[in-house]
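Source file: my_file-v3.cif (mmCIF, C-alpha atoms)
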```
data_entry
#
loop_
_atom_site.label_atom_id
_atom_site.label_comp_id
_atom_site.auth_asym_id
_atom_site.auth_seq_id
_atom_site.Cartn_x
_atom_site.Cartn_y
_atom_site.Cartn_z
CA MET X 1 9.54 -22.88 7.00
CA PRO X 2 12.19 -22.86 9.73
CA GLU X 3 11.97 -19.87 12.07
CA ARG X 4 15.69 -19.99 12.74
CA GLY X 5 16.48 -19.23 9.09
CA MET X 6 13.96 -16.38 9.10
CA ASP X 7 15.78 -14.69 11.98
CA GLU X 8 19.13 -14.61 10.22
CA GLY X 9 18.46 -12.04 7.47
CA ALA X 10 19.16 -13.85 4.21
CA ASN X 11 19.90 -17.51 4.79
CA THR X 12 20.34 -19.93 1.90
CA SER X 13 19.31 -23.57 2.22
CA ALA X 14 19.41 -25.82 -0.89
CA ASN X 15 17.53 -23.75 -3.50
CA ALA X 16 15.67 -21.63 -0.92
CA THR X 17 16.78 -18.23 0.33
CA TYR X 18 15.07 -16.82 3.43
CA VAL X 19 14.87 -13.02 3.53
CA ASN X 20 13.74 -10.82 6.42
CA ALA X 21 12.59 -7.22 6.18
CA ASP X 22 15.19 -6.14 8.74
CA GLY X 23 17.07 -3.81 6.42
CA THR X 24 20.28 -5.86 6.26
CA HIS X 25 19.49 -7.50 2.93
CA GLN X 26 17.69 -5.66 0.17
CA LEU X 27 15.14 -7.83 -1.57
CA THR X 28 16.20 -6.52 -4.99
CA ALA X 29 19.80 -7.64 -4.39
CA VAL X 30 18.70 -11.15 -3.39
CA LEU X 31 16.46 -11.40 -6.47
CA ALA X 32 19.24 -10.13 -8.77
CA ALA X 33 21.44 -13.01 -7.61
CA ALA X 34 18.67 -15.63 -7.93
CA VAL X 35 19.00 -18.33 -10.59
CA THR X 36 16.42 -20.51 -12.31
CA GLY X 37 14.90 -22.94 -9.81
CA ALA X 38 15.53 -20.67 -6.80
CA GLU X 39 12.89 -20.10 -4.16
CA ILE X 40 12.89 -16.80 -2.25
CA ILE X 41 10.96 -17.04 1.02
CA LEU X 42 9.98 -13.73 2.57
CA GLY X 43 9.72 -13.39 6.31
CA ALA X 44 7.16 -11.22 8.06
CA GLY X 45 7.55 -7.50 7.59
CA THR X 46 7.46 -4.79 4.95
CA PHE X 47 10.14 -4.68 2.29
CA PHE X 48 10.44 -0.98 1.32
CA GLU X 49 11.86 -0.56 -2.18
CA LEU X 50 12.56 2.65 -4.12
CA GLN X 51 12.71 0.91 -7.47
CA THR X 52 10.74 -1.70 -9.38
CA VAL X 53 11.24 -5.17 -7.91
CA GLU X 54 12.14 -7.47 -10.80
CA ILE X 55 11.52 -11.21 -10.48
CA PRO X 56 13.86 -13.25 -12.73
CA ALA X 57 12.76 -16.18 -14.88
CA GLY X 58 12.30 -19.51 -13.12
CA VAL X 59 12.17 -18.01 -9.61
CA THR X 60 9.47 -18.59 -6.99
CA VAL X 61 8.78 -15.87 -4.42
CA ARG X 62 6.81 -17.17 -1.46
CA GLY X 63 5.55 -14.88 1.29
CA SER X 64 4.45 -15.73 4.81
CA GLY X 65 0.91 -14.52 4.06
CA THR X 66 -0.70 -11.37 2.66
CA ALA X 67 -0.92 -9.72 6.07
CA LEU X 68 2.67 -10.64 6.98
CA SER X 69 4.94 -10.30 3.91
CA ILE X 70 4.54 -6.97 2.12
CA ILE X 71 6.55 -5.51 -0.74
CA GLU X 72 6.02 -1.74 -0.93
CA SER X 73 7.55 0.15 -3.84
CA SER X 74 7.53 3.82 -4.72
CA ALA X 75 8.11 2.92 -8.37
CA THR X 76 5.62 1.96 -11.04
CA PRO X 77 5.38 -0.86 -11.76
CA ALA X 78 6.02 -2.01 -8.22
CA LEU X 79 6.69 -5.57 -9.41
CA ALA X 80 7.93 -6.64 -12.87
CA LEU X 81 7.75 -10.22 -14.12
CA SER X 82 9.45 -10.92 -17.44
CA GLY X 83 10.39 -14.54 -17.93
CA ASP X 84 9.07 -18.06 -17.93
CA ALA X 85 8.13 -20.16 -14.92
CA ILE X 86 7.78 -17.33 -12.40
CA CYS X 87 5.60 -18.06 -9.38
CA ILE X 88 4.49 -15.50 -6.78
CA THR X 89 2.40 -16.59 -3.80
CA GLY X 90 1.31 -15.55 -0.31
CA LEU X 91 2.29 -11.88 -0.14
CA SER X 92 1.06 -8.32 -0.62
CA VAL X 93 2.44 -5.84 -3.14
CA ARG X 94 1.73 -2.14 -2.70
CA CYS X 95 2.43 0.47 -5.35
CA LYS X 96 3.04 3.80 -3.62
CA ALA X 97 4.05 5.70 -6.77
CA VAL X 98 2.26 8.97 -7.39
CA ALA X 99 0.24 8.94 -10.60
CA ALA X 100 0.88 12.03 -12.69
CA ARG X 101 -2.72 12.16 -13.85
CA PRO X 102 -5.23 10.85 -11.30
CA HIS X 103 -8.66 9.99 -12.64
CA SER X 104 -11.86 11.26 -11.08
CA ARG X 105 -14.15 8.38 -12.10
CA PRO X 106 -13.20 5.16 -10.26
CA THR X 107 -13.50 2.46 -12.89
CA SER X 108 -11.12 -0.34 -13.72
CA ARG X 109 -9.67 -0.82 -17.20
CA LEU X 110 -12.19 -3.59 -17.82
CA GLY X 111 -15.04 -1.13 -17.27
CA VAL X 112 -16.11 -2.71 -14.00
CA PRO X 113 -16.67 -0.15 -11.24
CA SER X 114 -13.88 -0.20 -8.67
CA ARG X 115 -14.59 -0.76 -5.01
CA PRO X 116 -16.18 2.34 -3.35
CA GLY X 117 -13.56 4.57 -1.81
CA THR X 118 -10.89 3.73 -4.37
CA ALA X 119 -9.01 6.95 -5.04
CA THR X 120 -7.36 6.18 -8.36
CA ALA X 121 -8.69 4.55 -11.47
CA MET X 122 -6.61 2.84 -14.10
CA VAL X 123 -6.75 4.48 -17.50
CA ALA X 124 -3.95 3.02 -19.59
CA LEU X 125 -1.45 1.01 -17.66
CA ALA X 126 1.00 1.11 -20.53
CA SER X 127 1.34 4.86 -20.16
CA ALA X 128 3.90 6.39 -17.84
CA ASP X 129 1.31 8.43 -15.97
CA ALA X 130 -0.70 5.54 -14.53
CA ARG X 131 0.18 3.40 -11.52
CA THR X 132 0.83 -0.28 -12.05
CA THR X 133 1.25 -2.73 -9.19
CA MET X 134 2.33 -5.68 -11.34
CA GLN X 135 3.63 -5.75 -14.89
CA ILE X 136 3.87 -9.05 -16.76
CA CYS X 137 5.68 -8.61 -20.06
CA ASP X 138 8.23 -9.83 -22.62
CA GLY X 139 6.38 -13.08 -23.27
CA ALA X 140 6.39 -14.04 -19.59
CA ARG X 141 4.62 -17.16 -18.35
CA VAL X 142 3.69 -16.57 -14.70
CA GLN X 143 1.46 -17.79 -11.90
CA VAL X 144 0.33 -15.45 -9.14
CA SER X 145 -1.75 -16.88 -6.31
CA HIS X 146 -2.99 -15.89 -2.85
CA CYS X 147 -1.69 -12.32 -3.17
CA CYS X 148 -3.06 -8.85 -2.42
CA LEU X 149 -2.12 -6.24 -5.04
CA SER X 150 -2.94 -2.62 -4.19
CA GLY X 151 -2.29 0.89 -5.44
CA GLY X 152 -2.64 0.12 -9.15
CA GLY X 153 -3.59 -2.55 -11.61
CA VAL X 154 -2.09 -5.54 -13.38
CA TYR X 155 -0.70 -5.14 -16.89
CA VAL X 156 -0.29 -8.25 -19.06
CA GLY X 157 1.85 -7.34 -22.06
CA ASP X 158 1.95 -8.66 -25.60
CA GLY X 159 2.74 -12.38 -25.79
CA SER X 160 2.57 -12.88 -22.02
CA ARG X 161 0.42 -15.41 -20.20
CA ALA X 162 -0.69 -15.14 -16.59
CA LEU X 163 -2.61 -17.45 -14.28
CA LEU X 164 -4.08 -15.34 -11.49
CA HIS X 165 -5.59 -17.53 -8.76
CA ASP X 166 -7.30 -16.33 -5.57
CA ASN X 167 -5.87 -12.78 -5.57
CA GLU X 168 -7.24 -9.44 -4.48
CA ILE X 169 -6.61 -6.45 -6.74
CA ASP X 170 -7.43 -3.13 -5.07
CA GLY X 171 -7.04 0.21 -6.84
CA GLY X 172 -7.09 -0.99 -10.43
CA GLY X 173 -8.03 -3.78 -12.78
CA ILE X 174 -6.36 -5.96 -15.36
CA GLU X 175 -5.25 -4.68 -18.76
CA MET X 176 -4.20 -7.10 -21.49
CA HIS X 177 -2.23 -5.66 -24.37
CA GLY X 178 -1.89 -7.35 -27.75
CA THR X 179 -3.76 -10.15 -29.41
CA ASP X 180 -1.59 -12.96 -28.11
CA SER X 181 -1.58 -12.04 -24.42
CA GLY X 182 -3.75 -14.05 -22.06
CA CYS X 183 -4.88 -14.07 -18.49
CA GLU X 184 -6.76 -16.85 -16.73
CA LEU X 185 -8.59 -15.86 -13.58
CA CYS X 186 -9.68 -18.45 -11.09
#
```

Encoding of this model in structure tokens:
Amino acid sequence: MPERGMDEGANTSANATYVNADGTHQLTAVLAAAVTGAEIILGAGTFFELQTVEIPAGVTVRGSGTALSIIESSATPALALSGDAICITGLSVRCKAVAARPHSRPTSRLGVPSRPGTATAMVALASADARTTMQICDGARVQVSHCCLSGGGVYVGDGSRALLHDNEIDGGGIEMHGTDSGCELC
């Protein structure tokens, strides 16, 4: 990844767009303009977003590493994936939305105790009063790898398929909704 392109805000090269967290280019605007086959490469820094960050179909979002590229959203879900061939890798996503109904017993949706010290548990991610870091829906086919997801859980909606590889989910679990949704963890 060329450093020169990273220093110039949003710089397009072939199908790759380099985006810095310098405030001159909103990540949501770059993603809204992305077309199938595009690769969005995030520079180091925190991308503060007030709304849900939506990743379009056929787009790859590649961070500079979980400690370097961070998307922080005050919306829930923080990240929405609804399309085929979406790939997310090498970044952190933080949901900073306030849950309307915090839970006192820290357990994930799968019934596995959450990590000690976790403040919020995930009850029903589909409800508006729970925090969701990543929502995969509308029959999406996605791959998420080498990411850190915190502040809520992962919701895999009806008809959606997700491959989650080498990720850390802190502050929630994984909820699958519907009989034809699927999630492969490796």

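With distances restricted to all atoms listed in the file, X:Thr76 is the closest residue to Thr133 of chain X from X:Ser92, X:Asn167, X:Thr76, X:Ser160.
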
Q.
Can you tell me which residues surround Ile86 of chain X at a distance of at most 12 Å, considering all atoms listed in the file, apart from same-chain residues fewer than 5 positions away, and format the answer as a VMD selection string?
A. chain X and resid 34 to 40 54 to 62 80 to 81 136 to 137 139 to 145 160 to 163

Put those residues in a file: C-alpha atoms, as a CSV table (one decimal), in the frame of the given file.
```csv
chain,number,residue,atom,x,y,z
X,34,ALA,CA,18.7,-15.6,-7.9
X,35,VAL,CA,19.0,-18.3,-10.6
X,36,THR,CA,16.4,-20.5,-12.3
X,37,GLY,CA,14.9,-22.9,-9.8
X,38,ALA,CA,15.5,-20.7,-6.8
X,39,GLU,CA,12.9,-20.1,-4.2
X,40,ILE,CA,12.9,-16.8,-2.2
X,54,GLU,CA,12.1,-7.5,-10.8
X,55,ILE,CA,11.5,-11.2,-10.5
X,56,PRO,CA,13.9,-13.2,-12.7
X,57,ALA,CA,12.8,-16.2,-14.9
X,58,GLY,CA,12.3,-19.5,-13.1
X,59,VAL,CA,12.2,-18.0,-9.6
X,60,THR,CA,9.5,-18.6,-7.0
X,61,VAL,CA,8.8,-15.9,-4.4
X,62,ARG,CA,6.8,-17.2,-1.5
X,80,ALA,CA,7.9,-6.6,-12.9
X,81,LEU,CA,7.8,-10.2,-14.1
X,136,ILE,CA,3.9,-9.0,-16.8
X,137,CYS,CA,5.7,-8.6,-20.1
X,139,GLY,CA,6.4,-13.1,-23.3
X,140,ALA,CA,6.4,-14.0,-19.6
X,141,ARG,CA,4.6,-17.2,-18.4
X,142,VAL,CA,3.7,-16.6,-14.7
X,143,GLN,CA,1.5,-17.8,-11.9
X,144,VAL,CA,0.3,-15.4,-9.1
X,145,SER,CA,-1.8,-16.9,-6.3
X,160,SER,CA,2.6,-12.9,-22.0
X,161,ARG,CA,0.4,-15.4,-20.2
X,162,ALA,CA,-0.7,-15.1,-16.6
X,163,LEU,CA,-2.6,-17.4,-14.3
```

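The two atoms in question, atom CA of His165 of chain X and atom CA of Gly90 of chain X, are spaced 11.1 Å apart.
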
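Between Cys183 of chain X and the candidates X:Phe48, X:Glu168, X:Asp158, X:Leu42, the tightest atom-to-atom separation, counting all atoms listed in the file, involves X:Asp158.
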
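We find atom CA of Ser73 of chain X and atom CA of Arg94 of chain X to be spaced 6.4 Å apart.
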
**Q.** Selection: 10 Å around Thr66 of chain X, only C-alpha atoms, excl. self and same-chain fewer than 3 positions, as a list of chain:residue names
**A.** X:Ala44, X:Gly63, X:Ser69, X:Ile70, X:Ile71, X:Thr89, X:Gly90, X:Leu91, X:Ser92, X:Val93, X:His146, X:Cys147, X:Cys148, X:Leu149, X:Asn167, X:Glu168

May I have the centre and edge lengths, in Å to one decimal, of an axis-aligned box around the listed atoms of segment 153-165 of chain X with 8 Å added to every side, as JSON?
```
{"center_x": -1.4, "center_y": -10.0, "center_z": -17.3, "size_x": 24.3, "size_y": 31.0, "size_z": 33.0}
```

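Using the PyMOL selection byres ((chain X and resi 150) around 6) on the file at hand returns these residues: Arg94, Leu149, Gly151, Gly152, Ile169, Asp170 and Gly171 of chain X.
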